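Participant: First, the structure itself, so that you have it in front of you.
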Amino acid sequence: MTRLRSRPQRARHAGRLLTLGLTGALLAAHLAATPASAAPAPPAAGPVGHDLGTATAHWIDRTTVTWPRPAHDAHTYDIVHSTDASIRVDDGRLTGDFQTIPLRPAPDGLTDEQRAQWPHLATRTALRIGADGHRGDTSGRLADALRGQVAVVERDRDGRVIAATGAQIPGVLDDLYAAAADAALGPAWTDGRPTLSVWAPTARTVRLVLYDGPRSADSRTVRMKRDDGTGVWSAHGPTAWNGKYYAFEVEVYAPTTAEIVTDTVTDPYSLALAADSQRSLIADPADPALAPDGWEETAKPAPVPLHAATIYELHVRDFSASDTTVPETDRGTYRAFTDPGDRPTAGMAELRSLAEDGVDHVHLLPAYDFGSVPERRSDQKTPACDLESFPADSAEQQACIERTAHADAFNWGYDPVHTTVPQGSYAGDPDGTTRITEFREMVMGLNRAGLRVVMDVVYNHTYATGQDSMSVLDRVVPGYYHRLLDDGSVAESTCCPNTAPEHTMMGRLVVDSVVTWAREYKVDGFRFDLMGHHPKANMLAVRAALDDLTPERDGVDGSAIVLYGEGWDFGEVAGGARFEQATQLTMAGTGIGTFNDRLRDGVRGGGPFDADPRLQGFGSGLFTDPNTAPGNGDPGHQRARLLHYQDLIKVGLTGNLRDYRFTASSGREVTGREVDYNGAPAGYTAHPGESVTYVDAHDNETLYDALAYKLPPGTPMEQRVRMQSLALGTALLGQGGAFVHAGSERLRSKSLDRNSYDSGDWFNRLHWDCADGNNFGVGLPRARDNEDKWPYARPLLADPALRADCAAIENSRARFGELLRIRASSPVFTLGSAEQVQRRVSFPLSGPQETPGVITMRLDATDVDPRWSSVTVVFNASPHVRTQTVEALRGADTALHPVQAESDDPVVGESSVDPETGTLTVPGRTVAVFVEH
């Protein structure tokens with residue numbers, strides 16, 4: 001960004017967009033305005049002006065600069081470069097100490113290859129380097145020019161400047177320094193001796209600064225050697241460097257200040273840090289001293305492919321911050337995932353219980369080094385108010401939390417500083433290597449509980465850019481690692497400084513970082529934040545690099561590592577404007593999953609950003625138990641909308657397959673891709689494992705809170721529990737990966753906060769003891785993101801009937817466990833191919849006569865399940881008993897699933913089957929599963 005926000009403002013801004021991320025509503029809004037496949041129109045030709053603070057020229061390779069307006073036959077064009085950044089335009093003349101590289105217009109514009117590589121520049125004027133059109137000097141003059149101030153100028157025949165602008169240089173850097181893609185970077189070790197290497201091709205000098213301690217004032221400076229072929233600077237050290245802190249002193253031209261600056265900056269490839277990201281630390285992850293006891297011998301749970309995975313999304317701090325069974329010093333830390341002594345903590349006991357029921361992966365929200373939380377406990381602030389003393393619908397809680405939000409211990413963490421170092425605030429000591437050892441202890445603890453570990457990773461943006469003290473990448477190679485808009489400013493469609501993984505070395509950083517987490521920390525999966533801002537090629541490179549990891553060579557089986565992410569299509573890259581993106585539609589066939597917002601919206605109803613949060617869906621009473629929200633429409637409109645939602649859900653239950661054929665509620669036979677979702681195809685996957693199905697996540701209101709808004713206000717708690725379970729059942733009993741937000745099985749509430757990224761422990765509390773309730777009614781949520789909903793929220797929060805008691809929480813948890821055990825009971829719930837899904841999954845009562853509020857799904861288990869020949873699931877979201885006659889079950893030996901037959905839920909026990917007619921009877925607000933012997 002050209003003008004930096006203050007750090008607290010920037011962190012808050014970051015959280016807002018991440019809420020947009022997992023919802024898909026941003027995609028829907030974009031689609032409503034323009035087709036998702038339409039690339040933005042190229043900028044209109046016009047005057048460039050004389051502003052050297054902008055960068056509207058693009059130096060795309062060693063042969064070509066693109067210019068934003070038509071070339072003039074009588075004008076001359078030049079690259080102008082200066083070693084002391086003295087170029088200025090004064091009264092139409094260039095001044096300063098500079099040299100020039102001539103450019104000449106290319107009559108045919110960019111080559112086909114260049115247009116393919118730079119589609120957003122395809123219509124621009126091409127200016128070729130060198131009067132004779134040769135490829136120019138590749139090793140000397142161009143490289144020298146890039147190590148200072150660079151501008152492009154257009155002058156008339158009298159030499160007066162018509163236009164002048166800075167140049168965007170990532171393309172030419174990738175061309176000149178292509179060999180850097182294979183160069184060693186970061187700390188590397190040979191016979192106990194470290195080598196430190198950093199890619200800084202535009203730097204004039206780079207020196208290594210060594211410190212004895214994390215905050216020691218004394219330092220020692222070491223010269224680094226530049227490799228001219230790669231642009232990498234390196235320094236080799238003795239074994240005594242191990243344990244030293246370090247930084248790089250980089251002398252470089254900074255476009256954001258238009259000056260040559262000397263920055264002291266940490267290593268983008270840091271593996272360890274001082275507190276608050278202030279210094280890098282020389283450490284060898286292979287050092288036995290950093291390995292917890294038993295690290296090398298830790299037995300992992302068996303791998304689970306994504307199409308069969310059940311994923312539990314959890315925040316490191318949420319997990320234990322409110323758990324009094326955890327020693328106070330360990331609450332909110334990695335250590336809370338390890339049980340002290342022989343007595344398990346409440347949280348770990350519950351994770352073991354979930355694993356026994358069928359959860360196989362824990363997805364951890366960001367646990368890399370992020371910038372929004374002070375890492376030393378002494379620097380962290382807590383609210384000064386007695387939050388318990390305020391009324392349930394008071395605005396005082398959020399106001400008090402707001403005063404310390406920027407400096408407390410809580411943040412979701414979607415604001416990376418160093419992407420390959422564990423976050424220090426979760427460690428017992430944020431200085432040194434403690435965070436490495438304790439992160440590994442956490443992985444071991446989860447593995448021993450029967451759970452594999454997924455990391456939520458964020459490579460699409462950074463916490464800061466420019467000359468901000470927390471900017472790392474942009475102070476090492478200014479103007480390279482971030483995606484720039486047409487004027488040279490940093491794109492912020494993620495609401496933070498966007499990175500550019502389409503550039504070789506940023507894409508490489510992503511791959512290298514993921515491989516490090518997999519190899520050095522034994523992470524079993526990765527969830528990519530805003531994955532649609534990555535090129536598809538970058539994600540495929542990640543997949544290939546992981547697949548190359550072997551137990552024999554690397555200690556891990558990389559092919560068993562799961563990958564999924566947010567495939568939303570928006571911003572400056574939308575519609576493939578700059579490259580083929582890793583979006584929902586483009587990732588089909590890759591085996592990499594994307595979040596399925598289609599089923600989510602069908603179940604919950606409306607969208608996450610509705611002005612009225614009461615809009616209903618299949619799982620919240622649309623048509624079958626309407627509330628008074630005008631936006632729901634009249635009964636006829638509600639019925640039609642509900643049936644369309646049911647079609648969306650059916651597609652979701654197949655793993656969101658694009659080619660799955662079924663009869664829609666209209667009576668037509670359609671494919672998944674022919675079902676409409678806000679102008680986009682509902683079905684988009686090629687394999688069921690490419691769909692990650694969910695009904696709530698850390699973004700937006702929890703499922704309980706959404707139902708609090710949407711169900712009629714007088715709905716009894718026991719019925720709310722049933723609707724919670726039914727909604728979760730759509731995610732757990734369909735094909736593809738199932739994804740659940742931690743605590744949803746316990747009716748978790750955030751007191752209606754739709755964006756709790758910086759709402760502190762108070763609104764984010766996760767209680768393992770039902771006596772503590774479900775956190776509903778702890779005050780109005782933060783005004784910043786929720787004030788427009790306060791008129792709807794106040795009466796709900798003030799209603800004591802909406803605060804779940806132990807009976808409700810334990811009932812909800814029991815129903816969730818039953819759903820998990822049902823999912824695990826038959827392979828027919830986790831089919832591995834589109835062909836198997838088409839053959840075995842059907843919706844026998846779909847069509848114009850289907851019952852509004854009821855979905856019946858039949859699963860043919862022949863030859864795949866030794867016990868049953870079919871399984872039939874009836875989702876009855878209506879409040880009334882419903883019957884469904886399935887012809888295929890006429891005369892069959894059919895019964896309620898054993899898990900439900902043995903359930904302590906008296907309602908599901910009322911489900912019955914008439915074998916003569918194949919009629920299934922299911923109570924209201926119930927998921928009933930029947931098996932055919």
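Ordering of the structure tokens sets the chain letters (A, B, ...); residue numbers start at 1 within each chain; ligands are numbered from 1 in the order shown.
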Just want the 10 Å neighbourhood of A:Gly450, counted on only C-alpha atoms, with same-chain residues fewer than 5 positions away dropped. Output as a PyMOL selection string.
Facilitator: chain A and resi 299-302+351-356+358-362+444-445
Participant: Within 7 Å of stretch 319-329 of chain A, counting only C-alpha atoms, which residues qualify if same-chain residues fewer than 5 places away don't, as a list in words?
Facilitator: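 Close residues of stretch 319-329 of chain A: Leu314, Ala336, Thr345, Ala346, Gly347, Arg765, Leu766 and His767 of chain A.
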Participant: I need the residue nearest A:Thr165 from this list: A:Gln719, A:Thr54, A:Thr100, A:Asn678. Use only C-alpha atoms for the distance.
Facilitator: A:Thr54
Participant: Using only C-alpha atoms, which protein or nucleic acid residues come within 10 Å of A:Leu563? Drop anything in the same chain fewer than 4 positions from it, and give the result as a list of chain:residue names.
Facilitator: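 Once the adjacent positions are removed, what remains is A:Pro305, A:Leu306, A:Val454, A:Met455, A:Asp524, A:Gly525, A:Phe526, A:Arg527, A:Phe528, A:Met539, A:Val542, A:Arg543, A:Leu546, A:Gly591, A:Ile592, A:Gly593, A:Thr594, A:Glu690.
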Participant: Would you output that residue set with C-alpha atoms, as a PDB file, in the first residue's frame?
Facilitator:
ATOM      1  CA  PRO A 305      -8.272 -39.179   2.168  1.00  0.00           C
ATOM      2  CA  LEU A 306     -10.165 -35.920   1.869  1.00  0.00           C
ATOM      3  CA  VAL A 454      -4.343 -29.522   9.501  1.00  0.00           C
ATOM      4  CA  MET A 455      -2.792 -26.047   9.474  1.00  0.00           C
ATOM      5  CA  ASP A 524      -0.964 -33.678   7.920  1.00  0.00           C
ATOM      6  CA  GLY A 525      -2.930 -31.144   5.912  1.00  0.00           C
ATOM      7  CA  PHE A 526      -3.201 -27.528   4.838  1.00  0.00           C
ATOM      8  CA  ARG A 527      -6.176 -25.243   4.419  1.00  0.00           C
ATOM      9  CA  PHE A 528      -5.373 -22.304   2.124  1.00  0.00           C
ATOM     10  CA  MET A 539      -1.437 -25.083  -5.821  1.00  0.00           C
ATOM     11  CA  VAL A 542       2.389 -27.468  -3.680  1.00  0.00           C
ATOM     12  CA  ARG A 543       0.645 -30.774  -4.314  1.00  0.00           C
ATOM     13  CA  LEU A 546       4.199 -32.772  -1.006  1.00  0.00           C
ATOM     14  CA  GLY A 591      -7.979 -33.571  -5.843  1.00  0.00           C
ATOM     15  CA  ILE A 592      -7.610 -30.298  -3.907  1.00  0.00           C
ATOM     16  CA  GLY A 593     -10.779 -29.435  -2.005  1.00  0.00           C
ATOM     17  CA  THR A 594     -12.745 -26.210  -1.823  1.00  0.00           C
ATOM     18  CA  GLU A 690     -12.974 -31.877  -3.839  1.00  0.00           C
TER      19      GLU A 690
END
Participant: Taking the backbone alone, and naming residues the way the document does, which bits of stretch 627-852 of chain A are alpha helix (DSSP H) by DSSP, as an mmCIF file with N, CA and C atoms, in the first residue's frame?
Facilitator:
data_model
loop_
_atom_site.group_PDB
_atom_site.id
_atom_site.type_symbol
_atom_site.label_atom_id
_atom_site.label_comp_id
_atom_site.auth_asym_id
_atom_site.auth_seq_id
_atom_site.Cartn_x
_atom_site.Cartn_y
_atom_site.Cartn_z
ATOM 1 N N PRO A 635 -46.136 -17.342 1.293
ATOM 2 C CA PRO A 635 -45.983 -18.811 1.334
ATOM 3 C C PRO A 635 -45.590 -19.429 -0.004
ATOM 4 N N GLY A 636 -46.145 -18.918 -1.089
ATOM 5 C CA GLY A 636 -45.791 -19.468 -2.391
ATOM 6 C C GLY A 636 -44.331 -19.260 -2.722
ATOM 7 N N HIS A 637 -43.850 -18.062 -2.445
ATOM 8 C CA HIS A 637 -42.436 -17.766 -2.686
ATOM 9 C C HIS A 637 -41.561 -18.624 -1.782
ATOM 10 N N GLN A 638 -41.951 -18.773 -0.529
ATOM 11 C CA GLN A 638 -41.174 -19.584 0.397
ATOM 12 C C GLN A 638 -41.088 -21.034 -0.072
ATOM 13 N N ARG A 639 -42.211 -21.566 -0.527
ATOM 14 C CA ARG A 639 -42.209 -22.966 -0.965
ATOM 15 C C ARG A 639 -41.254 -23.167 -2.145
ATOM 16 N N ALA A 640 -41.333 -22.281 -3.112
ATOM 17 C CA ALA A 640 -40.477 -22.405 -4.288
ATOM 18 C C ALA A 640 -39.000 -22.258 -3.906
ATOM 19 N N ARG A 641 -38.743 -21.308 -3.020
ATOM 20 C CA ARG A 641 -37.363 -21.096 -2.599
ATOM 21 C C ARG A 641 -36.844 -22.294 -1.814
ATOM 22 N N LEU A 642 -37.692 -22.857 -0.969
ATOM 23 C CA LEU A 642 -37.289 -24.016 -0.189
ATOM 24 C C LEU A 642 -36.940 -25.196 -1.092
ATOM 25 N N LEU A 643 -37.773 -25.434 -2.102
ATOM 26 C CA LEU A 643 -37.498 -26.548 -2.999
ATOM 27 C C LEU A 643 -36.188 -26.331 -3.771
ATOM 28 N N HIS A 644 -35.903 -25.082 -4.111
ATOM 29 C CA HIS A 644 -34.613 -24.823 -4.769
ATOM 30 C C HIS A 644 -33.467 -25.072 -3.794
ATOM 31 N N TYR A 645 -33.646 -24.648 -2.552
ATOM 32 C CA TYR A 645 -32.630 -24.948 -1.548
ATOM 33 C C TYR A 645 -32.418 -26.455 -1.434
ATOM 34 N N GLN A 646 -33.495 -27.213 -1.505
ATOM 35 C CA GLN A 646 -33.365 -28.667 -1.413
ATOM 36 C C GLN A 646 -32.541 -29.222 -2.575
ATOM 37 N N ASP A 647 -32.695 -28.631 -3.745
ATOM 38 C CA ASP A 647 -31.856 -29.048 -4.873
ATOM 39 C C ASP A 647 -30.384 -28.726 -4.603
ATOM 40 N N LEU A 648 -30.107 -27.547 -4.065
ATOM 41 C CA LEU A 648 -28.727 -27.195 -3.722
ATOM 42 C C LEU A 648 -28.144 -28.197 -2.731
ATOM 43 N N ILE A 649 -28.954 -28.569 -1.753
ATOM 44 C CA ILE A 649 -28.484 -29.494 -0.724
ATOM 45 C C ILE A 649 -28.246 -30.875 -1.319
ATOM 46 N N LYS A 650 -29.122 -31.318 -2.195
ATOM 47 C CA LYS A 650 -28.915 -32.622 -2.840
ATOM 48 C C LYS A 650 -27.586 -32.634 -3.598
ATOM 49 N N VAL A 651 -27.319 -31.584 -4.343
ATOM 50 C CA VAL A 651 -26.036 -31.512 -5.049
ATOM 51 C C VAL A 651 -24.894 -31.568 -4.034
ATOM 52 N N GLY A 652 -25.046 -30.846 -2.930
ATOM 53 C CA GLY A 652 -24.028 -30.869 -1.889
ATOM 54 C C GLY A 652 -23.833 -32.244 -1.289
ATOM 55 N N LEU A 653 -24.916 -32.988 -1.127
ATOM 56 C CA LEU A 653 -24.828 -34.320 -0.542
ATOM 57 C C LEU A 653 -24.088 -35.305 -1.450
ATOM 58 N N LEU A 703 -23.481 -21.695 13.954
ATOM 59 C CA LEU A 703 -24.761 -22.299 13.573
ATOM 60 C C LEU A 703 -25.833 -22.009 14.617
ATOM 61 N N TYR A 704 -25.485 -22.127 15.882
ATOM 62 C CA TYR A 704 -26.484 -21.853 16.927
ATOM 63 C C TYR A 704 -26.983 -20.419 16.835
ATOM 64 N N ASP A 705 -26.066 -19.481 16.639
ATOM 65 C CA ASP A 705 -26.458 -18.074 16.558
ATOM 66 C C ASP A 705 -27.286 -17.795 15.317
ATOM 67 N N ALA A 706 -26.933 -18.419 14.192
ATOM 68 C CA ALA A 706 -27.736 -18.238 12.982
ATOM 69 C C ALA A 706 -29.147 -18.745 13.198
ATOM 70 N N LEU A 707 -29.277 -19.888 13.862
ATOM 71 C CA LEU A 707 -30.612 -20.422 14.129
ATOM 72 C C LEU A 707 -31.349 -19.570 15.156
ATOM 73 N N ALA A 708 -30.614 -18.926 16.052
ATOM 74 C CA ALA A 708 -31.264 -18.017 17.002
ATOM 75 C C ALA A 708 -31.950 -16.878 16.259
ATOM 76 N N TYR A 709 -31.312 -16.375 15.229
ATOM 77 C CA TYR A 709 -31.922 -15.336 14.410
ATOM 78 C C TYR A 709 -33.089 -15.880 13.585
ATOM 79 N N LYS A 710 -32.930 -17.076 13.030
ATOM 80 C CA LYS A 710 -33.824 -17.539 11.972
ATOM 81 C C LYS A 710 -35.028 -18.342 12.459
ATOM 82 N N MET A 717 -36.042 -24.832 23.375
ATOM 83 C CA MET A 717 -34.645 -25.223 23.296
ATOM 84 C C MET A 717 -34.488 -26.636 22.751
ATOM 85 N N GLU A 718 -35.322 -27.560 23.170
ATOM 86 C CA GLU A 718 -35.162 -28.928 22.691
ATOM 87 C C GLU A 718 -35.337 -29.007 21.184
ATOM 88 N N GLN A 719 -36.187 -28.139 20.597
ATOM 89 C CA GLN A 719 -36.349 -28.111 19.150
ATOM 90 C C GLN A 719 -35.172 -27.424 18.471
ATOM 91 N N ARG A 720 -34.571 -26.458 19.130
ATOM 92 C CA ARG A 720 -33.359 -25.826 18.595
ATOM 93 C C ARG A 720 -32.220 -26.846 18.520
ATOM 94 N N VAL A 721 -32.133 -27.684 19.541
ATOM 95 C CA VAL A 721 -31.119 -28.728 19.519
ATOM 96 C C VAL A 721 -31.343 -29.655 18.332
ATOM 97 N N ARG A 722 -32.587 -29.991 18.070
ATOM 98 C CA ARG A 722 -32.890 -30.905 16.965
ATOM 99 C C ARG A 722 -32.521 -30.265 15.620
ATOM 100 N N MET A 723 -32.795 -28.980 15.469
ATOM 101 C CA MET A 723 -32.447 -28.311 14.215
ATOM 102 C C MET A 723 -30.933 -28.160 14.069
ATOM 103 N N GLN A 724 -30.241 -27.943 15.182
ATOM 104 C CA GLN A 724 -28.777 -27.907 15.146
ATOM 105 C C GLN A 724 -28.242 -29.244 14.633
ATOM 106 N N SER A 725 -28.773 -30.326 15.178
ATOM 107 C CA SER A 725 -28.306 -31.653 14.780
ATOM 108 C C SER A 725 -28.658 -31.953 13.332
ATOM 109 N N LEU A 726 -29.853 -31.571 12.918
ATOM 110 C CA LEU A 726 -30.252 -31.815 11.535
ATOM 111 C C LEU A 726 -29.331 -31.070 10.572
ATOM 112 N N ALA A 727 -29.040 -29.808 10.885
ATOM 113 C CA ALA A 727 -28.160 -29.024 10.010
ATOM 114 C C ALA A 727 -26.778 -29.666 9.936
ATOM 115 N N LEU A 728 -26.227 -30.069 11.084
ATOM 116 C CA LEU A 728 -24.918 -30.720 11.081
ATOM 117 C C LEU A 728 -24.969 -32.037 10.326
ATOM 118 N N GLY A 729 -26.119 -32.708 10.372
ATOM 119 C CA GLY A 729 -26.261 -33.969 9.665
ATOM 120 C C GLY A 729 -26.087 -33.834 8.165
ATOM 121 N N THR A 730 -26.477 -32.700 7.600
ATOM 122 C CA THR A 730 -26.304 -32.528 6.152
ATOM 123 C C THR A 730 -24.828 -32.469 5.780
ATOM 124 N N ALA A 731 -23.987 -31.988 6.692
ATOM 125 C CA ALA A 731 -22.547 -31.947 6.427
ATOM 126 C C ALA A 731 -21.895 -33.299 6.687
ATOM 127 N N LEU A 732 -22.403 -34.046 7.649
ATOM 128 C CA LEU A 732 -21.744 -35.285 8.056
ATOM 129 C C LEU A 732 -22.185 -36.499 7.256
ATOM 130 N N GLY A 760 -11.783 -10.965 21.355
ATOM 131 C CA GLY A 760 -11.254 -11.400 22.627
ATOM 132 C C GLY A 760 -11.771 -12.754 23.070
ATOM 133 N N ASP A 761 -11.255 -13.202 24.206
ATOM 134 C CA ASP A 761 -11.679 -14.484 24.745
ATOM 135 C C ASP A 761 -13.161 -14.474 25.123
ATOM 136 N N TRP A 762 -13.676 -13.320 25.487
ATOM 137 C CA TRP A 762 -15.035 -13.254 26.030
ATOM 138 C C TRP A 762 -16.072 -13.760 25.033
ATOM 139 N N PHE A 763 -16.042 -13.263 23.829
ATOM 140 C CA PHE A 763 -17.033 -13.674 22.831
ATOM 141 C C PHE A 763 -16.638 -15.000 22.155
ATOM 142 N N ASN A 764 -15.385 -15.381 22.267
ATOM 143 C CA ASN A 764 -14.912 -16.591 21.595
ATOM 144 C C ASN A 764 -14.785 -17.784 22.531
ATOM 145 N N ALA A 783 -19.625 -3.586 17.994
ATOM 146 C CA ALA A 783 -20.365 -2.651 17.139
ATOM 147 C C ALA A 783 -19.798 -2.596 15.736
ATOM 148 N N ARG A 784 -18.483 -2.714 15.601
ATOM 149 C CA ARG A 784 -17.849 -2.502 14.304
ATOM 150 C C ARG A 784 -18.459 -3.375 13.212
ATOM 151 N N ASP A 785 -18.735 -4.623 13.516
ATOM 152 C CA ASP A 785 -19.213 -5.531 12.487
ATOM 153 C C ASP A 785 -20.639 -6.006 12.711
ATOM 154 N N ASN A 786 -21.277 -5.536 13.769
ATOM 155 C CA ASN A 786 -22.581 -6.094 14.115
ATOM 156 C C ASN A 786 -23.649 -5.066 14.468
ATOM 157 N N TRP A 790 -27.930 -5.152 15.757
ATOM 158 C CA TRP A 790 -28.308 -5.015 17.169
ATOM 159 C C TRP A 790 -29.821 -4.987 17.401
ATOM 160 N N PRO A 791 -30.614 -4.311 16.567
ATOM 161 C CA PRO A 791 -32.063 -4.332 16.824
ATOM 162 C C PRO A 791 -32.652 -5.748 16.799
ATOM 163 N N TYR A 792 -32.077 -6.624 15.964
ATOM 164 C CA TYR A 792 -32.525 -8.020 15.948
ATOM 165 C C TYR A 792 -31.924 -8.798 17.112
ATOM 166 N N ALA A 793 -30.705 -8.438 17.511
ATOM 167 C CA ALA A 793 -29.977 -9.206 18.516
ATOM 168 C C ALA A 793 -30.476 -8.944 19.934
ATOM 169 N N ARG A 794 -30.836 -7.703 20.237
ATOM 170 C CA ARG A 794 -31.163 -7.349 21.618
ATOM 171 C C ARG A 794 -32.230 -8.258 22.238
ATOM 172 N N PRO A 795 -33.405 -8.408 21.625
ATOM 173 C CA PRO A 795 -34.425 -9.240 22.277
ATOM 174 C C PRO A 795 -34.009 -10.702 22.408
ATOM 175 N N LEU A 796 -33.200 -11.177 21.495
ATOM 176 C CA LEU A 796 -32.754 -12.567 21.580
ATOM 177 C C LEU A 796 -31.780 -12.749 22.742
ATOM 178 N N LEU A 797 -30.798 -11.867 22.842
ATOM 179 C CA LEU A 797 -29.804 -11.988 23.898
ATOM 180 C C LEU A 797 -30.426 -11.821 25.279
ATOM 181 N N CYS A 806 -27.202 -27.609 30.613
ATOM 182 C CA CYS A 806 -26.467 -28.858 30.451
ATOM 183 C C CYS A 806 -27.270 -29.889 29.670
ATOM 184 N N ALA A 807 -28.561 -29.961 29.942
ATOM 185 C CA ALA A 807 -29.368 -30.955 29.245
ATOM 186 C C ALA A 807 -29.317 -30.735 27.743
ATOM 187 N N ALA A 808 -29.449 -29.483 27.327
ATOM 188 C CA ALA A 808 -29.432 -29.179 25.896
ATOM 189 C C ALA A 808 -28.063 -29.452 25.287
ATOM 190 N N ILE A 809 -27.014 -29.029 25.979
ATOM 191 C CA ILE A 809 -25.655 -29.194 25.442
ATOM 192 C C ILE A 809 -25.295 -30.670 25.353
ATOM 193 N N GLU A 810 -25.588 -31.411 26.390
ATOM 194 C CA GLU A 810 -25.257 -32.836 26.370
ATOM 195 C C GLU A 810 -26.086 -33.584 25.332
ATOM 196 N N ASN A 811 -27.336 -33.182 25.159
ATOM 197 C CA ASN A 811 -28.178 -33.791 24.130
ATOM 198 C C ASN A 811 -27.603 -33.522 22.747
ATOM 199 N N SER A 812 -27.194 -32.280 22.507
ATOM 200 C CA SER A 812 -26.620 -31.916 21.212
ATOM 201 C C SER A 812 -25.339 -32.701 20.949
ATOM 202 N N ARG A 813 -24.485 -32.796 21.966
ATOM 203 C CA ARG A 813 -23.231 -33.543 21.799
ATOM 204 C C ARG A 813 -23.513 -35.018 21.517
ATOM 205 N N ALA A 814 -24.513 -35.583 22.179
ATOM 206 C CA ALA A 814 -24.837 -36.990 21.957
ATOM 207 C C ALA A 814 -25.333 -37.226 20.541
ATOM 208 N N ARG A 815 -26.171 -36.305 20.049
ATOM 209 C CA ARG A 815 -26.681 -36.471 18.682
ATOM 210 C C ARG A 815 -25.537 -36.349 17.668
ATOM 211 N N PHE A 816 -24.605 -35.449 17.941
ATOM 212 C CA PHE A 816 -23.460 -35.283 17.048
ATOM 213 C C PHE A 816 -22.620 -36.552 17.014
ATOM 214 N N GLY A 817 -22.371 -37.113 18.172
ATOM 215 C CA GLY A 817 -21.607 -38.353 18.220
ATOM 216 C C GLY A 817 -22.284 -39.470 17.443
ATOM 217 N N GLU A 818 -23.609 -39.530 17.519
ATOM 218 C CA GLU A 818 -24.335 -40.550 16.756
ATOM 219 C C GLU A 818 -24.170 -40.337 15.258
ATOM 220 N N LEU A 819 -24.240 -39.088 14.825
ATOM 221 C CA LEU A 819 -24.047 -38.807 13.399
ATOM 222 C C LEU A 819 -22.648 -39.214 12.949
ATOM 223 N N LEU A 820 -21.653 -38.934 13.787
ATOM 224 C CA LEU A 820 -20.289 -39.335 13.447
ATOM 225 C C LEU A 820 -20.178 -40.853 13.335
ATOM 226 N N ARG A 821 -20.770 -41.557 14.269
ATOM 227 C CA ARG A 821 -20.665 -43.019 14.252
ATOM 228 C C ARG A 821 -21.434 -43.605 13.074
ATOM 229 N N ILE A 822 -22.542 -42.972 12.702
ATOM 230 C CA ILE A 822 -23.262 -43.423 11.510
ATOM 231 C C ILE A 822 -22.400 -43.208 10.266
ATOM 232 N N ARG A 823 -21.767 -42.034 10.165
ATOM 233 C CA ARG A 823 -20.891 -41.764 9.022
ATOM 234 C C ARG A 823 -19.793 -42.820 8.925
ATOM 235 N N ALA A 824 -19.254 -43.200 10.064
ATOM 236 C CA ALA A 824 -18.155 -44.164 10.080
ATOM 237 C C ALA A 824 -18.628 -45.605 9.928
ATOM 238 N N SER A 825 -19.932 -45.824 9.999
ATOM 239 C CA SER A 825 -20.444 -47.197 10.038
ATOM 240 C C SER A 825 -20.478 -47.880 8.688
ATOM 241 N N ALA A 834 -16.638 -40.070 -8.581
ATOM 242 C CA ALA A 834 -17.904 -39.574 -9.127
ATOM 243 C C ALA A 834 -18.739 -40.723 -9.679
ATOM 244 N N GLU A 835 -18.073 -41.707 -10.257
ATOM 245 C CA GLU A 835 -18.803 -42.848 -10.827
ATOM 246 C C GLU A 835 -19.529 -43.622 -9.738
ATOM 247 N N GLN A 836 -18.856 -43.824 -8.602
ATOM 248 C CA GLN A 836 -19.490 -44.536 -7.500
ATOM 249 C C GLN A 836 -20.668 -43.730 -6.931
ATOM 250 N N VAL A 837 -20.504 -42.428 -6.826
ATOM 251 C CA VAL A 837 -21.588 -41.593 -6.310
ATOM 252 C C VAL A 837 -22.789 -41.651 -7.248
ATOM 253 N N GLN A 838 -22.555 -41.532 -8.539
ATOM 254 C CA GLN A 838 -23.677 -41.580 -9.487
ATOM 255 C C GLN A 838 -24.401 -42.923 -9.402
ATOM 256 N N ARG A 839 -23.651 -43.970 -9.235
ATOM 257 C CA ARG A 839 -24.237 -45.306 -9.192
ATOM 258 C C ARG A 839 -24.999 -45.568 -7.899
ATOM 259 N N ARG A 840 -24.494 -45.033 -6.774
ATOM 260 C CA ARG A 840 -25.000 -45.465 -5.479
ATOM 261 C C ARG A 840 -25.869 -44.444 -4.750
#
Participant: Which neighbours of A:Asp456 fall inside 12 Å, counting only C-alpha atoms, when residues of the same chain fewer than 5 positions from it are skipped, and could you give them as a PyMOL selection string?
Facilitator: chain A and resi 313-316+362-368+412-416+419+514+517+523-531+562-566+698
Participant: Report the residues of stretch 689-923 of chain A whose backbone DSSP state falls under strand (DSSP E or B), written as a PyMOL selection string.
Facilitator: chain A and resi 691-693+737-741+841-842+854-860+870-876+882-885+894-896+912-914+919-922
Participant: Just checking: using only C-alpha atoms, which residue out of A:Asp267, A:Asp914, A:Glu520, A:Asp601 ends up closest to A:Ala200?
Facilitator: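 The closest residue to A:Ala200 is A:Asp267.
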Participant: If we count only C-alpha atoms, what is near A:His933 at a cut-off of 6 Å, once residues fewer than 2 positions away on the same chain are taken out, given as a count of residues only?
Facilitator: 3
